[in-house]
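One structure is given here, and the rest of the page talks about it.
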Amino acid sequence: MRPLIQEYLFTHKRMTVLLATAWTVIILVLCLIPGNNLPEVKLWEHTDKLIHFTLFFVLQMLWGAAFPAYKFKILLLASVYGIAIELIQHNYIPFRSFDVWDWVADTAGALVASIIFKSRR
């Protein structure tokens with residue numbers, strides 16, 4: 001039996017698409033904040049990577065629930081989205097830079113969500 005939240009997402013496609021779209025925009029907005037305006041969060045050395053992993057884990061779960069037949073394409077799009085954000089940060093956002101490990105964390109989060117999502121279907 002699927003958890004209640006996952007069941008809701010599968011049965012309410014319109015709401016799931018709305019949540020997924022909002023989450024996609026939230027990720028973009030958070031990643032476009034200039035580096036000098038970010039709060040210093042250092043619970044441990046790799047807190048930033050955990051944040052990236054979590055953001056893209058949720059992204060994959062939401063879009064995957066909305067369009068389960070396209071989860072592999074969604075995974076690829078999530079990975080491209082992550083590297084596009086890194087390139088935007090590097091080229092246009094003050095005090096932000098390209099970090100390949102952020103992109104790896106983004107992709108890993110989406111991949112893990114895709115694997116979990118597959119096991120739940």
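Chain labels run A, B, ... following the order of the structure tokens; each chain numbers its residues from 1, and ligands are numbered from 1 in the order shown.
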Skip region 78-93 of chain A itself and residues of its chain fewer than 5 positions away, then list as a ChimeraX atom specification all residues within 6 Å of it, counting only C-alpha atoms.
-> /A:34,98,103,106-107
Emit the selected residues as a tab-separated table (two decimals), in the first residue's frame, including N, CA and C atoms.
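Generated file (out-v4.tsv):
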chain	number	residue	atom	x	y	z
A	34	PRO	N	21.82	35.97	-5.12
A	34	PRO	CA	23.27	36.22	-5.09
A	34	PRO	C	23.92	35.60	-3.86
A	98	PHE	N	29.99	28.02	-10.73
A	98	PHE	CA	29.65	26.68	-11.20
A	98	PHE	C	30.30	25.67	-10.27
A	103	TRP	N	25.75	19.94	-9.14
A	103	TRP	CA	25.03	19.26	-10.22
A	103	TRP	C	24.95	17.75	-9.97
A	106	ASP	N	22.31	17.28	-7.42
A	106	ASP	CA	21.00	17.45	-8.06
A	106	ASP	C	20.58	16.16	-8.78
A	107	THR	N	21.48	15.66	-9.60
A	107	THR	CA	21.19	14.47	-10.38
A	107	THR	C	21.00	13.25	-9.48
